[in-house]
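Student: Quick one, work23.pdb (PDB, C-alpha atoms):
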ATOM      1  CA  MET Q 678       9.657  14.591   3.451  1.00  0.00           C
ATOM      2  CA  LYS Q 679       7.833  11.286   3.811  1.00  0.00           C
ATOM      3  CA  LYS Q 680      11.089   9.361   3.406  1.00  0.00           C
ATOM      4  CA  PHE Q 681      12.727  11.518   6.081  1.00  0.00           C
ATOM      5  CA  GLY Q 682       9.901  10.774   8.511  1.00  0.00           C
ATOM      6  CA  LEU Q 683      10.114   7.059   7.787  1.00  0.00           C
ATOM      7  CA  LEU Q 684      13.894   7.170   8.212  1.00  0.00           C
ATOM      8  CA  LEU Q 685      13.572   8.986  11.525  1.00  0.00           C
ATOM      9  CA  LEU Q 686      10.872   6.604  12.770  1.00  0.00           C
ATOM     10  CA  GLY Q 687      12.902   3.594  11.662  1.00  0.00           C
ATOM     11  CA  GLY Q 688      16.025   4.914  13.365  1.00  0.00           C
ATOM     12  CA  VAL Q 689      14.234   5.424  16.655  1.00  0.00           C
ATOM     13  CA  ALA Q 690      12.667   1.969  16.377  1.00  0.00           C
ATOM     14  CA  VAL Q 691      16.073   0.366  15.719  1.00  0.00           C
ATOM     15  CA  ALA Q 692      17.530   2.118  18.779  1.00  0.00           C
ATOM     16  CA  ILE Q 693      14.649   0.895  20.948  1.00  0.00           C
ATOM     17  CA  LEU Q 694      14.934  -2.620  19.540  1.00  0.00           C
ATOM     18  CA  LEU Q 695      18.664  -2.800  20.197  1.00  0.00           C
ATOM     19  CA  SER Q 696      18.302  -1.456  23.731  1.00  0.00           C
ATOM     20  CA  ASN Q 697      15.616  -4.031  24.519  1.00  0.00           C
ATOM     21  CA  LEU Q 698      17.267  -7.007  22.837  1.00  0.00           C
ATOM     22  CA  ALA Q 699      18.626  -8.623  26.025  1.00  0.00           C
ATOM     23  CA  PRO Q 700      15.330  -8.219  27.945  1.00  0.00           C
ATOM     24  CA  MET Q 701      13.486  -9.697  24.949  1.00  0.00           C
ATOM     25  CA  ILE Q 702      15.715 -12.783  25.033  1.00  0.00           C
ATOM     26  CA  ALA Q 703      15.322 -13.052  28.811  1.00  0.00           C
ATOM     27  CA  LEU Q 704      11.536 -12.749  28.477  1.00  0.00           C
ATOM     28  CA  GLY Q 705      11.478 -15.503  25.877  1.00  0.00           C
ATOM     29  CA  LEU Q 706      13.613 -17.819  27.998  1.00  0.00           C
ATOM     30  CA  SER Q 707      11.601 -17.197  31.157  1.00  0.00           C
ATOM     31  CA  LEU Q 708       8.333 -17.822  29.318  1.00  0.00           C
ATOM     32  CA  LEU Q 709       9.785 -21.018  27.881  1.00  0.00           C
ATOM     33  CA  ILE Q 710      10.821 -22.201  31.360  1.00  0.00           C
ATOM     34  CA  LEU Q 711       7.378 -21.273  32.694  1.00  0.00           C
ATOM     35  CA  TYR Q 712       5.686 -23.246  29.911  1.00  0.00           C
ATOM     36  CA  TYR Q 713       7.733 -26.396  30.485  1.00  0.00           C
ATOM     37  CA  SER Q 714       7.373 -26.197  34.260  1.00  0.00           C
ATOM     38  CA  TYR Q 715       3.600 -25.938  33.849  1.00  0.00           C
ATOM     39  CA  LYS Q 716       3.535 -28.900  31.443  1.00  0.00           C
ATOM     40  CA  GLY Q 717       5.692 -30.947  33.835  1.00  0.00           C
ATOM     41  CA  PHE Q 718       3.537 -29.925  36.789  1.00  0.00           C
ATOM     42  CA  ILE Q 719       0.419 -31.173  35.008  1.00  0.00           C
ATOM     43  CA  LYS Q 720       1.993 -34.490  33.929  1.00  0.00           C
ATOM     44  CA  THR Q 721       3.799 -35.543  37.116  1.00  0.00           C
ATOM     45  CA  GLU Q 722       2.281 -37.665  39.862  1.00  0.00           C
ATOM     46  CA  SER Q 723       4.973 -37.112  42.510  1.00  0.00           C
ATOM     47  CA  LYS Q 724       4.288 -34.481  45.161  1.00  0.00           C
ATOM     48  CA  PHE Q 725       7.991 -33.596  45.432  1.00  0.00           C
ATOM     49  CA  ASN Q 726       8.223 -32.992  41.686  1.00  0.00           C
ATOM     50  CA  LYS Q 727       5.044 -30.888  41.809  1.00  0.00           C
ATOM     51  CA  VAL Q 728       6.531 -28.709  44.565  1.00  0.00           C
ATOM     52  CA  VAL Q 729       9.829 -28.306  42.713  1.00  0.00           C
ATOM     53  CA  LEU Q 730       8.101 -27.504  39.418  1.00  0.00           C
ATOM     54  CA  ALA Q 731       5.762 -25.060  41.154  1.00  0.00           C
ATOM     55  CA  ILE Q 732       8.731 -23.232  42.684  1.00  0.00           C
ATOM     56  CA  VAL Q 733      10.504 -23.156  39.314  1.00  0.00           C
ATOM     57  CA  GLY Q 734       7.286 -21.892  37.704  1.00  0.00           C
ATOM     58  CA  VAL Q 735       6.834 -19.097  40.246  1.00  0.00           C
ATOM     59  CA  ILE Q 736      10.454 -17.999  39.779  1.00  0.00           C
ATOM     60  CA  ALA Q 737       9.986 -18.029  35.996  1.00  0.00           C
ATOM     61  CA  LEU Q 738       6.741 -16.071  36.378  1.00  0.00           C
ATOM     62  CA  PHE Q 739       8.518 -13.371  38.390  1.00  0.00           C
ATOM     63  CA  ALA Q 740      11.354 -13.311  35.851  1.00  0.00           C
ATOM     64  CA  SER Q 741       8.784 -12.870  33.066  1.00  0.00           C
ATOM     65  CA  ALA Q 742       7.040 -10.086  34.940  1.00  0.00           C
ATOM     66  CA  SER Q 743      10.321  -8.268  35.462  1.00  0.00           C
ATOM     67  CA  ASN Q 744      11.010  -8.360  31.713  1.00  0.00           C
ATOM     68  CA  LEU Q 745       7.653  -6.984  30.573  1.00  0.00           C
ATOM     69  CA  PRO Q 746       9.199  -3.722  29.326  1.00  0.00           C
ATOM     70  CA  ALA Q 747      10.758  -5.906  26.608  1.00  0.00           C
ATOM     71  CA  ILE Q 748       7.361  -5.719  24.899  1.00  0.00           C
ATOM     72  CA  LEU Q 749       8.521  -2.294  23.676  1.00  0.00           C
ATOM     73  CA  GLY Q 750      11.180  -4.170  21.734  1.00  0.00           C
ATOM     74  CA  PHE Q 751       8.544  -6.272  20.001  1.00  0.00           C
ATOM     75  CA  VAL Q 752       6.562  -3.114  19.202  1.00  0.00           C
ATOM     76  CA  ALA Q 753       9.734  -1.544  17.790  1.00  0.00           C
ATOM     77  CA  ALA Q 754      10.285  -4.626  15.625  1.00  0.00           C
ATOM     78  CA  TYR Q 755       6.751  -4.246  14.271  1.00  0.00           C
ATOM     79  CA  VAL Q 756       7.357  -0.541  13.566  1.00  0.00           C
ATOM     80  CA  ILE Q 757      10.517  -1.453  11.649  1.00  0.00           C
ATOM     81  CA  TYR Q 758       8.461  -3.943   9.621  1.00  0.00           C
ATOM     82  CA  VAL Q 759       5.841  -1.284   8.812  1.00  0.00           C
ATOM     83  CA  VAL Q 760       8.529   1.253   7.834  1.00  0.00           C
ATOM     84  CA  TYR Q 761      10.143  -1.357   5.578  1.00  0.00           C
ATOM     85  CA  LYS Q 762       6.816  -2.111   3.887  1.00  0.00           C
ATOM     86  CA  ASN Q 763       5.975   1.590   3.386  1.00  0.00           C
ATOM     87  CA  TRP Q 764       9.430   2.674   2.185  1.00  0.00           C
ATOM     88  CA  ASN Q 765       8.833   2.189  -1.543  1.00  0.00           C
ATOM     89  CA  LYS Q 766       5.118   2.886  -1.700  1.00  0.00           C
ATOM     90  CA  SER Q 767       4.329   5.645  -4.114  1.00  0.00           C
ATOM     91  CA  SER Q 768       2.658   8.688  -2.674  1.00  0.00           C
ATOM     92  CA  GLU Q 769       0.981   9.480  -5.982  1.00  0.00           C
ATOM     93  CA  LYS Q 770      -2.746   9.311  -5.925  1.00  0.00           C
ATOM     94  CA  SER Q 771      -4.382   7.622  -8.857  1.00  0.00           C
ATOM     95  CA  ILE Q 772      -6.081   9.992 -11.231  1.00  0.00           C
ATOM     96  CA  LYS Q 773      -9.702   9.143 -11.635  1.00  0.00           C
ATOM     97  CA  GLU Q 774     -10.804   8.962 -15.229  1.00  0.00           C
ATOM     98  CA  ASP Q 775     -14.006  10.830 -15.926  1.00  0.00           C
ATOM     99  CA  SER Q 776     -16.558   9.340 -18.208  1.00  0.00           C
ATOM    100  CA  ASP Q 777     -17.608  12.831 -19.296  1.00  0.00           C
ATOM    101  CA  PRO Q 778     -17.196  12.986 -23.090  1.00  0.00           C
ATOM    102  CA  PHE Q 779     -16.147  16.655 -23.045  1.00  0.00           C
ATOM    103  CA  THR Q 780     -13.362  15.993 -20.521  1.00  0.00           C
ATOM    104  CA  ASN Q 781     -12.129  13.053 -22.550  1.00  0.00           C
ATOM    105  CA  PHE Q 782     -12.251  15.192 -25.699  1.00  0.00           C
ATOM    106  CA  GLU Q 783     -10.156  17.919 -24.039  1.00  0.00           C
ATOM    107  CA  LYS Q 784      -7.635  15.340 -22.841  1.00  0.00           C
ATOM    108  CA  GLU Q 785      -7.314  13.773 -26.277  1.00  0.00           C
ATOM    109  CA  TRP Q 786      -7.072  17.202 -27.941  1.00  0.00           C
ATOM    110  CA  ASN Q 787      -4.249  18.227 -25.582  1.00  0.00           C
ATOM    111  CA  ASP Q 788      -2.483  14.952 -26.302  1.00  0.00           C
ATOM    112  CA  LEU Q 789      -2.711  15.567 -30.029  1.00  0.00           C
ATOM    113  CA  LYS Q 790      -1.409  19.110 -29.661  1.00  0.00           C
ATOM    114  CA  GLY Q 791       1.451  17.934 -27.429  1.00  0.00           C
ATOM    115  CA  ASN Q 792       0.281  19.885 -24.364  1.00  0.00           C
ATOM    116  CA  TYR Q 793       0.507  17.353 -21.617  1.00  0.00           C
TER     117      TYR Q 793
END
Please rewrite the model in this file as structure tokens.
Tutor:
Amino acid sequence: MKKFGLLLLGGVAVAILLSNLAPMIALGLSLLILYYSYKGFIKTESKFNKVVLAIVGVIALFASASNLPAILGFVAAYVIYVVYKNWNKSSEKSIKEDSDPFTNFEKEWNDLKGNY
């Protein structure tokens, strides 16, 4: 049942990731343009270049804001990563060994008799 739940969760996450793939790329590109326009704006001395880079930066900022739902794609990618990591984990809980001598005696006696 655990594997079915992980499979279902992974399937939904893959569908969300694939549907948000183009907005994720557009968000990355617009953030990259915004970063370089900011760096150029800080470095330049020319007023014309500052105005042009400011306009480019504002356009890139609006493009980034319009692609914010692409964050769901990044969340879906993280969910896929978690499902992948938890796929082969054993659900068995470790049996705690008692230090009680009578319990250990019973365990050893059952092992000798063949009653596991």
Student: In terms of the shortest atom-to-atom distance over only C-alpha atoms, which of Q:Lys716, Q:Lys766, Q:Leu704, Q:Glu785 is closest to Ala737 of chain Q?
Tutor: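 Residue with the minimum atom-to-atom distance to Ala737 of chain Q: Q:Leu704.
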Student: Which neighbours of segment 711-715 of chain Q fall inside 6 Å, counting only C-alpha atoms, when residues of the same chain fewer than 2 positions from it are skipped, and could you give them as a list in words?
Tutor: Leu708, Leu709, Gly717, Phe718, Leu730, Gly734 and Ala737 of chain Q
Student: What does the distance from atom CA of Asn744 of chain Q to atom CA of Lys720 of chain Q come to in Å, to one decimal?
Tutor: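 A separation of 27.7 Å between them.
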Student: Using all atoms of segment 715-729 of chain Q that appear in the file, construct an axis-aligned enclosing box with 8 Å of padding on every side and provide its centre coordinates and edge lengths in Å, rounded to one decimal, as JSON.
Tutor:
{"center_x": 5.1, "center_y": -31.8, "center_z": 38.4, "size_x": 25.4, "size_y": 27.7, "size_z": 30.0}
Student: Would you mind reading off the distance between atom CA of Val760 of chain Q and atom CA of Ala692 of chain Q, one decimal, in Å?
Tutor: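 Separation between atom CA of Val760 of chain Q and atom CA of Ala692 of chain Q: 14.2 Å.
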